[in-house]
Amino acid sequence: MRRPNMCGYVASLALMLIGTGALAQSEVVARNMYTERTSQDNKLTFCYNGFNALSEFEQDLAQALGDALLTEVTLFTYKEGDLQSTPTSYDYRLPVSDEQIFVLLAQNCDAFMGYVANTNAPEWMKVTQPYINVESILFSANPDIHRVADLTPPVRVGIRMTTPGDSQLISYVNSTPGWSRTPYHDNGRVVERVLDGSTTLGMIWRQGFYLARHDMGDDPKIFALDDLPFVARTSAIGIATRGQDGYLNTMLNDAIAALMADGTIEALQIKHHMLPEG
């Protein structure tokens with residue numbers, strides 16, 4: 001697959017990254033980014049986050065997509081410190097900017113996994129349909145609490161700030177007597193504070209809950225509630241490609257749809273402890 005010339009996109013990126021007053025600084029990106037890069041026939045390279053909660057799942061998913069497309073797959077990972085990013089426990093969000101993704105797609109890969117598809121993607125990017133839909137749940141350390149109605153105020157809810165559903169949680173606690181919200185920077189801390197009793201409940205994405213529960217071994221100490229007392233915003237995770245790679249994006253879209261229809265993606269989530277068996 002021959003990759004089109006990138007001069008126009010590089011010029012736009014340079015304007016975004018350099019900015020007024022920064023012209024005297026060293027180059028933002030390597031000069032070899034300015035050259036046309038060619039992929040070998042019948043091969044796709046996927047970039048994936050090497051240290052978030054989806055890492056192992058996305059490696060297997062990339063291979064499954066390659067099998068569906070009868071295409072050889074290679075993987076390129078960025079790790080902690082590569083892009084001045086900090087990992088957090090049980091999180092799926094990307095610790096990289098759109099500009100950094102632009103550079104990775106220019107230099108290292110054909111497709112970028114883990115992009116939150118319902119954000120405002122830049123003009124130079126196309127995003128596939130989601131392969132994971134993220135919804136929030138509430139959980140506690142008390143196996144006897146199944147519904148919000150089982151709770152007696154005061155109720156304190158821990159959440160990673162600015163996650164999907166956080167604004168809805170803020171509205172709910174502000175209008176519900178006896179409820180309060182405690183924000184954290186890390187989903188791992190949300191789990192810890194439920195376990196040590198600092199908060200009554202935690203709010204987390206569903207797959208992150210099961211990952212945390214799996215790490216507790218044969219004695220799970222957290223339990224999902226059956227209901228959420230408000231409608232929470234959701235997220236959708238897909239694959240980003242460059243805008244001019246429209247045919248590739250369409251092929252990946254079709255492959256994702258096929259893997260969802262035949263149960264492969266659900267089976268991979270179960271394999272990697274992101275969903276319960278059965």
# chains A, B, ... in the order shown; residues from 1 in each chain; ligands from 1

call {"tool": "select_by_dssp", "arguments": {"residues": "stretch 47-189 of chain A", "states": "strand (DSSP E or B)", "output": "NGL selection string"}}
result
:A and (47-49 or 72-78 or 111-116 or 125-127 or 132-134 or 136-140 or 155-160 or 179-184)

call {"tool": "residues_around", "arguments": {"residues": "stretch 121-134 of chain A", "least_positions_apart": "2", "cutoff": "7 Å", "atoms": "only C-alpha atoms", "output": "count of residues only"}}
result
19

call {"tool": "select_by_dssp", "arguments": {"residues": "stretch 54-250 of chain A", "states": "helix (DSSP H, G or I)", "output": "CSV table (one decimal) with N, CA, C and O atoms, in the first residue's frame"}}
result
chain,number,residue,atom,x,y,z
A,55,SER,N,-3.9,-2.9,26.5
A,55,SER,CA,-2.7,-3.3,25.8
A,55,SER,C,-2.7,-4.7,25.2
A,55,SER,O,-2.6,-4.9,24.0
A,56,GLU,N,-2.9,-5.7,26.0
A,56,GLU,CA,-2.9,-7.1,25.6
A,56,GLU,C,-4.1,-7.4,24.7
A,56,GLU,O,-4.0,-8.1,23.7
A,57,PHE,N,-5.2,-6.9,25.0
A,57,PHE,CA,-6.4,-7.1,24.2
A,57,PHE,C,-6.2,-6.5,22.8
A,57,PHE,O,-6.5,-7.1,21.8
A,58,GLU,N,-5.7,-5.3,22.7
A,58,GLU,CA,-5.5,-4.7,21.4
A,58,GLU,C,-4.5,-5.4,20.6
A,58,GLU,O,-4.6,-5.4,19.3
A,59,GLN,N,-3.5,-6.0,21.2
A,59,GLN,CA,-2.5,-6.8,20.4
A,59,GLN,C,-3.2,-7.9,19.7
A,59,GLN,O,-3.0,-8.2,18.5
A,60,ASP,N,-4.0,-8.6,20.5
A,60,ASP,CA,-4.8,-9.8,20.0
A,60,ASP,C,-5.8,-9.3,18.9
A,60,ASP,O,-6.0,-10.0,17.9
A,61,LEU,N,-6.4,-8.2,19.2
A,61,LEU,CA,-7.4,-7.6,18.2
A,61,LEU,C,-6.7,-7.3,16.9
A,61,LEU,O,-7.3,-7.6,15.8
A,62,ALA,N,-5.6,-6.7,17.0
A,62,ALA,CA,-4.8,-6.4,15.7
A,62,ALA,C,-4.6,-7.6,14.9
A,62,ALA,O,-4.7,-7.6,13.7
A,63,GLN,N,-4.2,-8.7,15.6
A,63,GLN,CA,-3.9,-9.9,14.8
A,63,GLN,C,-5.2,-10.5,14.3
A,63,GLN,O,-5.2,-11.0,13.1
A,64,ALA,N,-6.3,-10.4,15.0
A,64,ALA,CA,-7.6,-10.9,14.5
A,64,ALA,C,-8.0,-10.0,13.3
A,64,ALA,O,-8.6,-10.6,12.3
A,65,LEU,N,-7.8,-8.8,13.3
A,65,LEU,CA,-8.1,-7.9,12.2
A,65,LEU,C,-7.3,-8.3,11.0
A,65,LEU,O,-7.8,-8.3,9.8
A,66,GLY,N,-6.0,-8.6,11.2
A,66,GLY,CA,-5.2,-9.0,10.1
A,66,GLY,C,-5.6,-10.3,9.5
A,66,GLY,O,-5.6,-10.5,8.3
A,67,ASP,N,-6.0,-11.2,10.4
A,67,ASP,CA,-6.6,-12.5,9.9
A,67,ASP,C,-7.8,-12.3,9.0
A,67,ASP,O,-8.0,-12.9,8.0
A,68,ALA,N,-8.7,-11.4,9.5
A,68,ALA,CA,-9.9,-11.2,8.7
A,68,ALA,C,-9.6,-10.5,7.4
A,68,ALA,O,-10.4,-10.8,6.4
A,98,ASP,N,-3.3,14.6,19.7
A,98,ASP,CA,-3.5,14.3,18.3
A,98,ASP,C,-2.3,14.6,17.4
A,98,ASP,O,-2.0,13.9,16.4
A,99,GLU,N,-1.5,15.6,17.8
A,99,GLU,CA,-0.3,15.9,17.1
A,99,GLU,C,0.7,14.7,17.2
A,99,GLU,O,1.4,14.4,16.2
A,100,GLN,N,0.8,14.1,18.4
A,100,GLN,CA,1.7,12.9,18.6
A,100,GLN,C,1.2,11.7,17.7
A,100,GLN,O,2.0,11.0,17.2
A,101,ILE,N,-0.1,11.6,17.7
A,101,ILE,CA,-0.7,10.5,16.8
A,101,ILE,C,-0.3,10.8,15.4
A,101,ILE,O,0.0,9.8,14.6
A,102,PHE,N,-0.4,12.0,15.0
A,102,PHE,CA,0.0,12.4,13.6
A,102,PHE,C,1.4,11.9,13.3
A,102,PHE,O,1.6,11.3,12.2
A,103,VAL,N,2.3,12.1,14.2
A,103,VAL,CA,3.7,11.8,13.9
A,103,VAL,C,3.8,10.2,13.9
A,103,VAL,O,4.5,9.7,13.0
A,104,LEU,N,3.1,9.5,14.8
A,104,LEU,CA,3.2,8.1,14.8
A,104,LEU,C,2.6,7.5,13.5
A,104,LEU,O,3.2,6.5,12.9
A,105,LEU,N,1.5,8.0,13.0
A,105,LEU,CA,1.0,7.6,11.8
A,105,LEU,C,1.8,7.9,10.6
A,105,LEU,O,1.9,7.2,9.6
A,106,ALA,N,2.6,9.0,10.7
A,106,ALA,CA,3.5,9.4,9.6
A,106,ALA,C,4.7,8.5,9.6
A,106,ALA,O,5.2,8.1,8.5
A,107,GLN,N,5.2,8.1,10.7
A,107,GLN,CA,6.5,7.5,10.8
A,107,GLN,C,6.5,6.0,11.1
A,107,GLN,O,7.4,5.3,10.6
A,148,VAL,N,-29.1,1.0,44.1
A,148,VAL,CA,-29.0,2.3,44.8
A,148,VAL,C,-29.9,2.4,45.9
A,148,VAL,O,-29.6,3.0,47.0
A,149,ALA,N,-31.1,1.8,45.8
A,149,ALA,CA,-32.1,1.8,46.8
A,149,ALA,C,-31.6,1.1,48.1
A,149,ALA,O,-32.2,1.3,49.2
A,150,ASP,N,-30.6,0.3,48.0
A,150,ASP,CA,-30.1,-0.4,49.2
A,150,ASP,C,-29.2,0.4,50.0
A,150,ASP,O,-28.8,0.0,51.1
A,166,ASP,N,-18.9,11.7,34.5
A,166,ASP,CA,-18.5,12.5,35.6
A,166,ASP,C,-19.4,13.7,35.8
A,166,ASP,O,-19.9,14.0,36.9
A,167,SER,N,-19.7,14.4,34.7
A,167,SER,CA,-20.6,15.5,34.7
A,167,SER,C,-22.0,15.2,35.2
A,167,SER,O,-22.6,15.9,35.9
A,168,GLN,N,-22.5,14.0,34.7
A,168,GLN,CA,-23.8,13.5,35.1
A,168,GLN,C,-23.8,13.2,36.6
A,168,GLN,O,-24.8,13.4,37.3
A,169,LEU,N,-22.7,12.6,37.1
A,169,LEU,CA,-22.5,12.3,38.5
A,169,LEU,C,-22.6,13.6,39.4
A,169,LEU,O,-23.2,13.7,40.4
A,170,ILE,N,-21.8,14.6,38.9
A,170,ILE,CA,-21.8,15.9,39.6
A,170,ILE,C,-23.3,16.4,39.7
A,170,ILE,O,-23.7,16.9,40.8
A,171,SER,N,-24.0,16.4,38.6
A,171,SER,CA,-25.4,16.9,38.7
A,171,SER,C,-26.2,16.1,39.6
A,171,SER,O,-27.1,16.7,40.4
A,172,TYR,N,-26.0,14.8,39.6
A,172,TYR,CA,-26.8,13.9,40.5
A,172,TYR,C,-26.5,14.2,42.0
A,172,TYR,O,-27.5,14.4,42.8
A,173,VAL,N,-25.3,14.2,42.4
A,173,VAL,CA,-25.0,14.5,43.8
A,173,VAL,C,-25.4,15.8,44.3
A,173,VAL,O,-25.7,16.1,45.4
A,174,ASN,N,-25.3,16.8,43.3
A,174,ASN,CA,-25.7,18.2,43.7
A,174,ASN,C,-27.2,18.3,44.0
A,174,ASN,O,-27.7,19.2,44.6
A,175,SER,N,-28.0,17.4,43.4
A,175,SER,CA,-29.4,17.4,43.5
A,175,SER,C,-30.0,16.3,44.5
A,175,SER,O,-31.2,16.2,44.6
A,187,ASN,N,-8.0,5.5,38.2
A,187,ASN,CA,-9.0,4.5,38.6
A,187,ASN,C,-8.5,3.5,39.6
A,187,ASN,O,-9.4,3.0,40.4
A,188,GLY,N,-7.2,3.2,39.7
A,188,GLY,CA,-6.7,2.4,40.7
A,188,GLY,C,-7.0,2.9,42.1
A,188,GLY,O,-7.3,2.2,43.0
A,189,ARG,N,-6.8,4.3,42.2
A,189,ARG,CA,-7.1,4.9,43.5
A,189,ARG,C,-8.6,4.9,43.8
A,189,ARG,O,-9.0,4.7,45.0
A,190,VAL,N,-9.5,4.9,42.8
A,190,VAL,CA,-10.9,4.8,43.0
A,190,VAL,C,-11.2,3.4,43.7
A,190,VAL,O,-12.0,3.3,44.7
A,191,VAL,N,-10.6,2.4,43.1
A,191,VAL,CA,-10.8,1.0,43.7
A,191,VAL,C,-10.2,1.0,45.1
A,191,VAL,O,-10.9,0.4,46.0
A,192,GLU,N,-9.1,1.5,45.4
A,192,GLU,CA,-8.4,1.5,46.7
A,192,GLU,C,-9.3,2.1,47.7
A,192,GLU,O,-9.5,1.6,48.9
A,193,ARG,N,-9.9,3.3,47.4
A,193,ARG,CA,-10.7,4.0,48.3
A,193,ARG,C,-12.0,3.3,48.7
A,193,ARG,O,-12.6,3.5,49.8
A,194,VAL,N,-12.6,2.6,47.7
A,194,VAL,CA,-13.7,1.8,48.1
A,194,VAL,C,-13.4,0.6,49.0
A,194,VAL,O,-14.0,0.4,50.0
A,195,LEU,N,-12.2,0.0,48.8
A,195,LEU,CA,-11.8,-1.1,49.6
A,195,LEU,C,-11.4,-0.7,51.0
A,195,LEU,O,-11.7,-1.4,52.0
A,206,ARG,N,-17.0,-0.2,32.8
A,206,ARG,CA,-17.4,-1.6,33.1
A,206,ARG,C,-16.2,-2.6,32.9
A,206,ARG,O,-15.9,-3.4,33.8
A,207,GLN,N,-15.4,-2.5,31.8
A,207,GLN,CA,-14.3,-3.4,31.6
A,207,GLN,C,-13.2,-3.1,32.6
A,207,GLN,O,-12.5,-4.1,33.1
A,208,GLY,N,-13.0,-1.9,33.1
A,208,GLY,CA,-12.0,-1.6,34.1
A,208,GLY,C,-12.4,-2.2,35.4
A,208,GLY,O,-11.5,-2.7,36.2
A,209,PHE,N,-13.7,-2.3,35.7
A,209,PHE,CA,-14.2,-3.0,36.9
A,209,PHE,C,-13.8,-4.4,36.9
A,209,PHE,O,-13.2,-5.0,37.9
A,210,TYR,N,-14.0,-5.1,35.8
A,210,TYR,CA,-13.7,-6.5,35.8
A,210,TYR,C,-12.2,-6.8,35.8
A,210,TYR,O,-11.7,-7.8,36.3
A,211,LEU,N,-11.4,-5.9,35.2
A,211,LEU,CA,-9.9,-6.0,35.2
A,211,LEU,C,-9.5,-5.9,36.7
A,211,LEU,O,-8.6,-6.7,37.1
A,212,ALA,N,-10.0,-4.9,37.4
A,212,ALA,CA,-9.6,-4.8,38.8
A,212,ALA,C,-10.1,-6.0,39.7
A,212,ALA,O,-9.3,-6.5,40.5
A,213,ARG,N,-11.2,-6.5,39.4
A,213,ARG,CA,-11.8,-7.6,40.1
A,213,ARG,C,-10.9,-8.8,39.8
A,213,ARG,O,-10.6,-9.6,40.7
A,214,HIS,N,-10.5,-9.0,38.6
A,214,HIS,CA,-9.6,-10.2,38.3
A,214,HIS,C,-8.3,-10.1,39.0
A,214,HIS,O,-7.8,-11.2,39.5
A,215,ASP,N,-7.8,-8.9,39.2
A,215,ASP,CA,-6.5,-8.8,39.9
A,215,ASP,C,-6.6,-9.2,41.3
A,215,ASP,O,-5.5,-9.3,42.0
A,246,GLY,N,-8.5,6.4,3.1
A,246,GLY,CA,-9.9,6.1,3.3
A,246,GLY,C,-10.2,4.6,3.0
A,246,GLY,O,-11.0,4.0,3.6
A,247,TYR,N,-9.5,4.0,2.0
A,247,TYR,CA,-9.7,2.6,1.7
A,247,TYR,C,-9.4,1.7,2.9
A,247,TYR,O,-10.1,0.8,3.2
A,248,LEU,N,-8.2,2.0,3.5
A,248,LEU,CA,-7.8,1.3,4.7
A,248,LEU,C,-8.8,1.4,5.8
A,248,LEU,O,-9.2,0.4,6.4
A,249,ASN,N,-9.3,2.6,6.0
A,249,ASN,CA,-10.3,2.8,7.1
A,249,ASN,C,-11.5,2.0,6.8
A,249,ASN,O,-12.1,1.4,7.7
A,250,THR,N,-12.0,2.0,5.6
A,250,THR,CA,-13.2,1.2,5.2
A,250,THR,C,-12.9,-0.3,5.4
A,250,THR,O,-13.8,-1.0,6.0
